[in-house]
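Source file entry-v2.tsv; content: TSV, C-alpha atoms and all ligand atoms.
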chain	number	residue	atom	x	y	z
L	203	MET	CA	7.21	-16.82	-10.13
L	204	SER	CA	4.37	-18.34	-8.05
L	205	LEU	CA	2.27	-16.09	-5.88
L	206	PHE	CA	3.66	-17.76	-2.78
L	207	SER	CA	7.26	-17.11	-3.88
L	208	LYS	CA	6.31	-13.48	-4.50
L	209	ILE	CA	4.94	-13.14	-0.96
L	210	LYS	CA	7.97	-14.93	0.48
L	211	ARG	CA	10.35	-12.59	-1.31
L	212	ARG	CA	8.39	-9.54	-0.17
L	213	ILE	CA	8.40	-10.76	3.44
L	214	GLN	CA	12.10	-11.63	3.31
L	215	SER	CA	12.89	-8.14	2.08
L	216	LEU	CA	11.29	-6.78	5.24
L	217	THR	CA	12.44	-9.14	7.94
L	218	GLU	CA	15.20	-11.31	9.33
L	219	ALA	CA	14.37	-14.92	10.20
L	220	SER	CA	13.86	-15.13	13.95
L	221	ASP	CA	14.39	-18.03	16.34
L	222	LEU	CA	11.11	-19.29	17.74
L	223	ASN	CA	11.00	-21.15	21.04
L	224	PRO	CA	9.77	-24.80	21.08
L	225	MET	CA	6.36	-23.96	22.56
L	226	VAL	CA	5.72	-21.34	19.91
L	227	ASN	CA	6.96	-23.74	17.23
L	228	ALA	CA	4.57	-26.45	18.39
L	229	ALA	CA	1.63	-24.02	18.47
L	230	ILE	CA	2.41	-22.80	14.94
L	231	ARG	CA	2.54	-26.39	13.72
L	232	ARG	CA	-0.90	-27.17	15.19
L	233	ALA	CA	-2.33	-23.99	13.70
L	234	ALA	CA	-0.77	-24.71	10.30
L	235	ASP	CA	-2.20	-28.24	10.29
L	236	LYS	CA	-5.64	-26.82	10.98
L	237	LEU	CA	-5.34	-24.12	8.31
L	238	SER	CA	-4.12	-26.61	5.71
L	239	GLU	CA	-7.44	-28.50	5.89
L	240	ASP	CA	-9.12	-25.79	3.75
L	241	PRO	CA	-11.34	-24.44	6.52
L	242	LYS	CA	-13.62	-21.43	6.35
L	243	VAL	CA	-11.77	-18.77	8.32
L	244	ILE	CA	-12.90	-15.59	10.04
L	245	VAL	CA	-10.01	-13.31	11.01
L	246	THR	CA	-10.39	-10.75	13.80
L	247	VAL	CA	-7.74	-8.06	13.49
L	248	GLY	CA	-6.68	-5.48	16.07
L	249	SER	CA	-4.11	-2.71	16.31
L	250	GLY	CA	-1.30	-5.18	17.16
L	251	LEU	CA	-1.16	-6.19	13.48
L	252	SER	CA	-0.08	-2.66	12.53
L	253	ALA	CA	2.21	-2.14	15.55
L	254	GLU	CA	5.29	-3.28	13.62
L	255	SER	CA	4.47	-0.68	10.95
L	256	GLY	CA	4.88	2.00	13.62
L	257	VAL	CA	1.17	2.52	14.38
L	258	PRO	CA	0.72	2.68	18.17
L	259	THR	CA	-1.76	0.31	19.84
L	260	PHE	CA	-4.48	1.68	22.14
L	261	ARG	CA	-3.76	-0.21	25.35
L	262	GLY	CA	-0.61	-1.65	26.93
L	263	PRO	CA	2.64	0.12	27.87
L	264	ASP	CA	2.99	1.93	24.52
L	265	GLY	CA	-0.75	2.33	23.98
L	266	ILE	CA	-2.18	5.75	23.26
L	267	PHE	CA	-5.00	5.26	25.80
L	268	TYR	CA	-2.38	5.71	28.52
L	269	ASN	CA	-2.94	9.31	27.68
L	270	ALA	CA	-6.34	10.26	29.15
L	271	THR	CA	-6.70	13.16	26.73
L	272	ILE	CA	-6.55	10.79	23.81
L	273	SER	CA	-9.25	8.52	25.14
L	274	ARG	CA	-11.48	11.61	25.40
L	275	LEU	CA	-10.66	12.45	21.78
L	276	THR	CA	-12.24	9.23	20.51
L	277	HIS	CA	-15.74	9.92	21.91
L	278	VAL	CA	-18.54	11.42	19.83
L	279	ASP	CA	-19.47	13.79	22.68
L	280	THR	CA	-16.12	15.56	22.24
L	281	PHE	CA	-16.99	16.30	18.60
L	282	LEU	CA	-20.25	17.86	19.76
L	283	SER	CA	-18.47	20.01	22.38
L	284	ASP	CA	-16.25	23.08	22.26
L	285	GLN	CA	-13.24	20.71	21.98
L	286	ARG	CA	-14.05	19.81	18.36
L	287	GLU	CA	-11.07	21.68	16.96
L	288	GLU	CA	-8.57	19.95	19.27
L	289	MET	CA	-10.13	16.58	18.34
L	290	MET	CA	-9.98	17.27	14.59
L	291	ARG	CA	-6.34	18.42	14.80
L	292	TRP	CA	-5.46	15.13	16.49
L	293	TYR	CA	-7.27	13.14	13.81
L	294	GLN	CA	-5.68	15.20	11.05
L	295	ASP	CA	-2.27	14.41	12.52
L	296	ARG	CA	-3.11	10.68	12.45
L	297	ARG	CA	-4.37	11.01	8.87
L	298	GLU	CA	-1.17	12.72	7.79
L	299	LYS	CA	0.95	9.96	9.34
L	300	LEU	CA	-0.85	7.39	7.16
L	301	SER	CA	1.06	8.52	4.09
L	302	SER	CA	4.38	7.50	5.66
L	303	ILE	CA	3.50	4.03	6.99
L	304	GLU	CA	3.85	0.73	5.15
L	305	PRO	CA	2.52	-2.81	5.55
L	306	ASN	CA	4.71	-5.14	7.60
L	307	PRO	CA	5.33	-8.89	7.08
L	308	GLY	CA	2.20	-9.66	9.14
L	309	HIS	CA	-0.03	-7.86	6.62
L	310	PHE	CA	1.60	-9.59	3.65
L	311	ALA	CA	1.44	-13.01	5.29
L	312	LEU	CA	-2.23	-12.56	6.22
L	313	VAL	CA	-3.09	-11.69	2.61
L	314	GLY	CA	-1.00	-14.73	1.59
L	315	LEU	CA	-3.01	-16.96	3.92
L	316	ALA	CA	-6.25	-15.51	2.57
L	317	MET	CA	-5.14	-16.50	-0.95
L	318	THR	CA	-5.01	-20.13	0.15
L	319	GLY	CA	-8.69	-20.47	1.05
L	320	ASP	CA	-12.00	-19.09	2.22
L	321	TYR	CA	-11.08	-16.13	4.46
L	322	THR	CA	-13.14	-13.19	5.73
L	323	ILE	CA	-11.14	-10.48	7.48
L	324	SER	CA	-12.83	-8.28	10.04
L	325	THR	CA	-10.56	-5.48	11.19
L	326	GLN	CA	-10.87	-2.90	13.94
L	327	ASN	CA	-8.01	-0.94	12.39
L	328	VAL	CA	-8.70	2.34	10.65
L	329	ASP	CA	-5.54	2.27	8.53
L	330	HIS	CA	-5.24	1.00	4.95
L	331	LEU	CA	-2.28	-1.35	5.45
L	332	LEU	CA	-4.09	-4.60	4.64
L	333	GLU	CA	-5.43	-3.05	1.45
L	334	ALA	CA	-1.95	-1.74	0.60
L	335	ALA	CA	-0.45	-5.23	1.05
L	336	SER	CA	-3.32	-6.74	-0.98
L	337	ASP	CA	-2.87	-4.32	-3.85
L	338	GLU	CA	0.86	-4.92	-3.94
L	339	LEU	CA	0.32	-8.70	-4.08
L	340	GLY	CA	-2.53	-8.42	-6.60
L	341	PHE	CA	-5.15	-10.14	-4.45
L	342	ARG	CA	-7.83	-8.37	-2.41
L	343	PRO	CA	-9.51	-10.61	0.21
L	344	GLU	CA	-12.89	-9.77	1.76
L	345	ILE	CA	-12.03	-7.11	4.37
L	346	HIS	CA	-14.59	-5.45	6.65
L	347	HIS	CA	-13.65	-2.32	8.58
L	348	LEU	CA	-15.67	-2.50	11.80
L	349	HIS	CA	-14.39	0.86	13.06
L	350	GLY	CA	-14.35	2.68	9.72
L	351	SER	CA	-11.38	4.25	7.97
L	352	LEU	CA	-9.17	7.27	8.57
L	353	LEU	CA	-8.88	7.74	4.81
L	354	GLN	CA	-12.59	8.49	4.61
L	355	VAL	CA	-14.20	11.83	5.34
L	356	ARG	CA	-17.88	11.96	6.27
L	357	CYS	CA	-20.45	14.66	6.94
L	358	HIS	CA	-21.71	14.36	10.52
L	359	GLU	CA	-25.09	15.75	9.43
L	360	CYS	CA	-26.06	14.20	6.11
L	361	GLY	CA	-23.66	11.20	6.06
L	362	ALA	CA	-22.17	12.04	2.62
L	363	SER	CA	-18.79	10.34	2.53
L	364	PHE	CA	-15.74	10.24	0.30
L	365	GLU	CA	-12.07	9.20	0.40
L	366	ASP	CA	-9.71	12.15	0.78
L	367	LEU	CA	-6.46	12.22	2.73
L	368	ARG	CA	-5.48	15.70	1.60
L	369	LEU	CA	-8.44	17.56	3.07
L	370	ASP	CA	-7.37	19.26	6.32
L	371	LEU	CA	-9.94	18.35	8.97
L	372	GLY	CA	-8.06	20.58	11.43
L	373	VAL	CA	-9.59	23.68	9.81
L	374	LEU	CA	-13.12	22.32	10.47
L	375	PRO	CA	-14.30	22.14	6.85
L	376	ALA	CA	-18.01	22.10	6.02
L	377	CYS	CA	-19.91	19.64	3.83
L	378	ALA	CA	-20.34	20.91	0.24
L	379	GLN	CA	-23.85	19.41	0.12
L	380	CYS	CA	-25.48	20.46	3.40
L	381	GLY	CA	-22.99	22.71	5.23
L	382	GLY	CA	-22.71	20.23	8.13
L	383	PRO	CA	-19.36	19.56	9.85
L	384	LEU	CA	-16.99	17.10	8.16
L	385	ARG	CA	-15.29	14.43	10.27
L	386	PRO	CA	-13.12	11.35	9.76
L	387	GLY	CA	-14.97	8.22	8.64
L	388	VAL	CA	-14.19	6.31	11.82
L	389	VAL	CA	-16.48	4.97	14.55
L	390	TRP	CA	-16.27	6.80	17.86
L	391	PHE	CA	-17.28	5.63	21.31
L	392	GLY	CA	-20.98	6.42	21.64
L	393	GLU	CA	-21.66	5.47	18.00
L	394	ASN	CA	-22.91	2.35	16.21
L	395	LEU	CA	-20.68	0.21	14.04
L	396	PRO	CA	-21.33	0.08	10.27
L	397	GLU	CA	-24.23	-2.37	10.03
L	398	GLU	CA	-23.13	-4.25	6.92
L	399	ALA	CA	-19.54	-4.79	8.10
L	400	LEU	CA	-20.75	-6.13	11.44
L	401	GLU	CA	-23.45	-8.35	9.93
L	402	ARG	CA	-21.09	-9.89	7.38
L	403	SER	CA	-18.43	-10.47	10.05
L	404	LEU	CA	-20.90	-12.15	12.39
L	405	HIS	CA	-22.26	-14.24	9.55
L	406	ALA	CA	-18.73	-15.38	8.66
L	407	ALA	CA	-18.09	-16.13	12.34
L	408	LYS	CA	-21.11	-18.43	12.47
L	409	GLU	CA	-19.99	-20.29	9.33
L	410	ALA	CA	-16.31	-20.47	10.26
L	411	ASP	CA	-14.29	-23.59	11.05
L	412	VAL	CA	-11.40	-21.46	12.31
L	413	CYS	CA	-11.21	-18.02	13.88
L	414	LEU	CA	-7.80	-16.32	13.75
L	415	ILE	CA	-7.47	-13.62	16.42
L	416	LEU	CA	-4.62	-11.27	15.56
L	417	GLY	CA	-3.22	-8.49	17.73
L	418	THR	CA	-6.33	-7.50	19.64
L	419	SER	CA	-6.90	-7.15	23.38
L	420	GLY	CA	-10.47	-8.43	22.87
L	421	LEU	CA	-11.83	-5.75	25.16
L	422	VAL	CA	-13.94	-3.69	22.78
L	423	TYR	CA	-17.42	-4.90	21.84
L	424	PRO	CA	-19.08	-5.78	19.54
L	425	ALA	CA	-15.80	-6.59	17.73
L	426	ALA	CA	-14.75	-8.91	20.57
L	427	SER	CA	-17.97	-10.88	20.21
L	428	ILE	CA	-16.88	-12.20	16.77
L	429	PRO	CA	-14.51	-14.86	18.21
L	430	GLU	CA	-17.08	-15.64	20.90
L	431	VAL	CA	-19.75	-16.27	18.26
L	432	ALA	CA	-17.32	-18.34	16.16
L	433	LYS	CA	-16.51	-20.48	19.19
L	434	LYS	CA	-20.18	-20.94	20.05
L	435	PHE	CA	-20.81	-22.17	16.50
L	436	GLY	CA	-17.98	-24.69	16.69
L	437	ALA	CA	-14.88	-22.93	15.31
L	438	THR	CA	-11.33	-23.56	16.51
L	439	LEU	CA	-9.87	-20.32	17.88
L	440	ILE	CA	-6.23	-19.49	17.14
L	441	GLU	CA	-4.76	-16.42	18.84
L	442	VAL	CA	-1.53	-14.67	17.82
L	443	ASN	CA	-0.43	-12.09	20.36
L	444	PRO	CA	2.71	-11.49	22.42
L	445	ASN	CA	0.56	-10.97	25.53
L	446	HIS	CA	-2.30	-12.63	27.39
L	447	THR	CA	-5.66	-11.14	26.34
L	448	ALA	CA	-9.34	-11.34	27.26
L	449	LEU	CA	-9.66	-13.97	24.47
L	450	SER	CA	-6.65	-16.14	25.39
L	451	ASP	CA	-8.54	-18.50	27.71
L	452	LEU	CA	-11.25	-19.03	25.09
L	453	SER	CA	-8.65	-19.88	22.42
L	454	ASP	CA	-7.78	-23.45	21.46
L	455	ILE	CA	-4.33	-22.60	20.15
L	456	VAL	CA	-2.38	-19.65	21.51
L	457	ILE	CA	0.73	-18.52	19.66
L	458	ARG	CA	2.72	-16.08	21.78
L	459	GLY	CA	4.54	-13.68	19.51
L	460	LYS	CA	4.31	-10.71	17.19
L	461	THR	CA	2.13	-11.08	14.11
L	462	GLY	CA	4.99	-9.76	11.92
L	463	GLU	CA	7.12	-12.71	13.00
L	464	ILE	CA	4.52	-15.45	13.50
L	465	LEU	CA	2.27	-15.02	10.45
L	466	PRO	CA	5.04	-15.46	7.84
L	467	GLU	CA	6.04	-18.70	9.56
L	468	LEU	CA	2.40	-19.78	9.82
L	469	LEU	CA	1.94	-19.14	6.10
L	470	ARG	CA	5.10	-21.11	5.24
L	471	ARG	CA	4.08	-24.10	7.34
L	472	THR	CA	0.47	-24.02	6.12
L	473	GLU	CA	1.76	-24.26	2.56
L	474	GLU	CA	4.08	-27.10	3.57
L	475	ALA	CA	1.27	-29.00	5.29
L	476	ARG	CA	-1.07	-28.82	2.29
G	501	LIG	P1	-5.54	-2.70	21.95
G	501	LIG	O1	-4.57	-1.57	22.09
G	501	LIG	O2	-6.63	-2.79	22.93
G	501	LIG	O3	-4.74	-4.05	21.98
G	501	LIG	C1	-3.59	-4.23	21.18
G	501	LIG	C2	-3.19	-5.68	21.26
G	501	LIG	O4	-2.11	-5.87	20.35
G	501	LIG	C3	-2.70	-6.12	22.64
G	501	LIG	O5	-3.31	-7.32	23.00
G	501	LIG	C4	-1.18	-6.30	22.43
G	501	LIG	O6	-0.66	-7.33	23.24
G	501	LIG	C5	-1.15	-6.68	20.97
G	501	LIG	N1	0.13	-6.43	20.28
G	501	LIG	C6	1.04	-5.45	20.48
G	501	LIG	N2	2.04	-5.55	19.60
G	501	LIG	C7	1.76	-6.63	18.81
G	501	LIG	C8	2.40	-7.26	17.69
G	501	LIG	N3	3.55	-6.80	17.20
G	501	LIG	N4	1.81	-8.35	17.15
G	501	LIG	C9	0.63	-8.82	17.63
G	501	LIG	N5	-0.02	-8.26	18.66
G	501	LIG	C10	0.53	-7.18	19.25
G	501	LIG	O7	-6.05	-2.63	20.44
G	501	LIG	P2	-7.39	-3.23	19.83
G	501	LIG	O8	-7.71	-4.55	20.40
G	501	LIG	O9	-7.25	-3.13	18.36
G	501	LIG	O10	-11.63	1.43	18.85
G	501	LIG	O11	-8.43	-2.16	20.32
G	501	LIG	C11	-9.74	-2.25	19.91
G	501	LIG	C12	-10.35	-0.91	19.78
G	501	LIG	O12	-10.08	-0.14	20.95
G	501	LIG	C13	-9.77	-0.03	18.68
G	501	LIG	O13	-10.24	-0.36	17.40
G	501	LIG	C14	-10.22	1.32	19.10
G	501	LIG	C15	-9.95	1.26	20.59
G	501	LIG	O14	-10.84	1.94	21.35
G	501	LIG	C16	-12.18	2.65	18.57
G	501	LIG	O15	-11.52	3.66	18.50
G	501	LIG	C17	-13.65	2.59	18.34
As structure tokens:
Amino acid sequence: MSLFSKIKRRIQSLTEASDLNPMVNAAIRRAADKLSEDPKVIVTVGSGLSAESGVPTFRGPDGIFYNATISRLTHVDTFLSDQREEMMRWYQDRREKLSSIEPNPGHFALVGLAMTGDYTISTQNVDHLLEAASDELGFRPEIHHLHGSLLQVRCHECGASFEDLRLDLGVLPACAQCGGPLRPGVVWFGENLPEEALERSLHAAKEADVCLILGTSGLVYPAASIPEVAKKFGATLIEVNPNHTALSDLSDIVIRGKTGEILPELLRRTEEAR
């Protein structure tokens, strides 16, 4: 069985074919034509890609930032305050939920697209769903986590880091090496992004012929600057999102819909157009 058939079967097992309206159909066709020309592609991923796996987005009607407490819990100052325990319990809860979520058709189709050419994926998501889809399909594309990973634990003092989902951060464990406080390996507001992930993403953006913008509001910088840089250096911007975003007007092709429904169709048509 070819790799593409394998992906198709996996996607079909997860989803029903949906009817796409003519405007969406036309936009997918244009995007597929572009992607079939073997371009260099930078992909900017946001929380919308994991929404259909049951991971809530940050903004919008179902977004967790509607809850003011939660937006406070993602700032480094909260970790340094007397609210550290509340913050770590919230993160521990999110870490525990990771073991019950699974990649959706959007993740599988994105990995499928990445198999067809030169793709660099730059994600703001702190879950492991792209990696899970990659491992299941047997192909791991270049993926950079701009906002870190919930699977990782890091010492806030000495920076020692390791992958461990079983460790309970809610009990405020200390670092075995220096005694400093352990925390999730994510980036909080008030902190810098991992240098290498950002540099490689920006480099790929400058080299790219196409920038795919998937499920992000485009409001958080520097991640949102990746499509801007790609555009400045001549890339065609393709957005997939059910809603208008801060990057919609900059985009050359806008596909209005959920990534779990659009990306499988985009993959199918890109293969057809090749
Ligand atoms: P946002 O919550 O800001 O935006 C989510 C986007 O996903 C919106 O544009 C939605 O329209 C879109 N969306 C919802 N469901 C979708 C679906 N099924 N398919 C495709 N798109 C869908 O999330 P991000 O842009 O990822 O940072 O937010 C960026 C950063 O803001 C996060 O990484 C996080 C947060 O603060 C940190 O915590 C540092």
Worksheet entry | Surrounding residues of L:Ala425 excluding itself and chain neighbours under 5 positions, 10 Å, only C-alpha atoms, as a PyMOL selection string | chain L and resi 246-248+324-326+348-349+395+400+403-404+418+420+430
Worksheet item: Which protein, DNA or RNA residues have an atom within 6 Å of ligand LIG 501 (chain G), counting all atoms listed in the file, as a list in words?
Response: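 Counting all atoms listed in the file, the residues within 6 Å of ligand LIG 501 (chain G) come out as Gly248, Ser249, Gly250, Leu251, Ala253, Glu254, Thr259, Phe260, Arg261, Gly265, Thr276, Gln326, Asn327, His349, Val389, Trp390, Phe391, Gly417, Thr418, Ser419, Gly420, Val422, Asn443, Pro444, Asn445, Thr447, Lys460 and Thr461 of chain L.
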Output of the above residues as an mmCIF file, keeping the file's coordinate frame, restricted to C-alpha atoms:
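Contents of part_7.cif, freshly written:
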data_model
loop_
_atom_site.group_PDB
_atom_site.id
_atom_site.type_symbol
_atom_site.label_atom_id
_atom_site.label_comp_id
_atom_site.auth_asym_id
_atom_site.auth_seq_id
_atom_site.Cartn_x
_atom_site.Cartn_y
_atom_site.Cartn_z
ATOM 1 C CA GLY L 248 -6.680 -5.480 16.070
ATOM 2 C CA SER L 249 -4.110 -2.710 16.310
ATOM 3 C CA GLY L 250 -1.300 -5.180 17.160
ATOM 4 C CA LEU L 251 -1.160 -6.190 13.480
ATOM 5 C CA ALA L 253 2.210 -2.140 15.550
ATOM 6 C CA GLU L 254 5.290 -3.280 13.620
ATOM 7 C CA THR L 259 -1.760 0.310 19.840
ATOM 8 C CA PHE L 260 -4.480 1.680 22.140
ATOM 9 C CA ARG L 261 -3.760 -0.210 25.350
ATOM 10 C CA GLY L 265 -0.750 2.330 23.980
ATOM 11 C CA THR L 276 -12.240 9.230 20.510
ATOM 12 C CA GLN L 326 -10.870 -2.900 13.940
ATOM 13 C CA ASN L 327 -8.010 -0.940 12.390
ATOM 14 C CA HIS L 349 -14.390 0.860 13.060
ATOM 15 C CA VAL L 389 -16.480 4.970 14.550
ATOM 16 C CA TRP L 390 -16.270 6.800 17.860
ATOM 17 C CA PHE L 391 -17.280 5.630 21.310
ATOM 18 C CA GLY L 417 -3.220 -8.490 17.730
ATOM 19 C CA THR L 418 -6.330 -7.500 19.640
ATOM 20 C CA SER L 419 -6.900 -7.150 23.380
ATOM 21 C CA GLY L 420 -10.470 -8.430 22.870
ATOM 22 C CA VAL L 422 -13.940 -3.690 22.780
ATOM 23 C CA ASN L 443 -0.430 -12.090 20.360
ATOM 24 C CA PRO L 444 2.710 -11.490 22.420
ATOM 25 C CA ASN L 445 0.560 -10.970 25.530
ATOM 26 C CA THR L 447 -5.660 -11.140 26.340
ATOM 27 C CA LYS L 460 4.310 -10.710 17.190
ATOM 28 C CA THR L 461 2.130 -11.080 14.110
#
Worksheet entry | Distance of atom CA of L:Ala311 from atom CA of L:Asp451, expressed in Å to one decimal place | 25.1 Å
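With distances restricted to all atoms listed in the file, L:Ser450 is the closest residue to L:Leu416 from L:Ser207, L:Ser302, L:Ser450, L:Asn394.
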Worksheet item: atom CA of L:Gly314 and atom CA of L:Leu300 are how many Å apart?
Response: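 Between atom CA of L:Gly314 and atom CA of L:Leu300 the gap works out to 22.8 Å.
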Item to complete: Counting all atoms listed in the file, write as a list in words all protein and nucleic acid residues lying at most 10 Å from (-0.3, -23.9, 15.7) in the file's frame.
Response: Met225, Val226, Asn227, Ala228, Ala229, Ile230, Arg231, Arg232, Ala233, Ala234, Asp235, Lys236, Leu237, Ile440, Glu441, Val442, Asp454, Ile455, Val456, Ile457, Ile464, Leu468, Arg471 and Thr472 of chain L
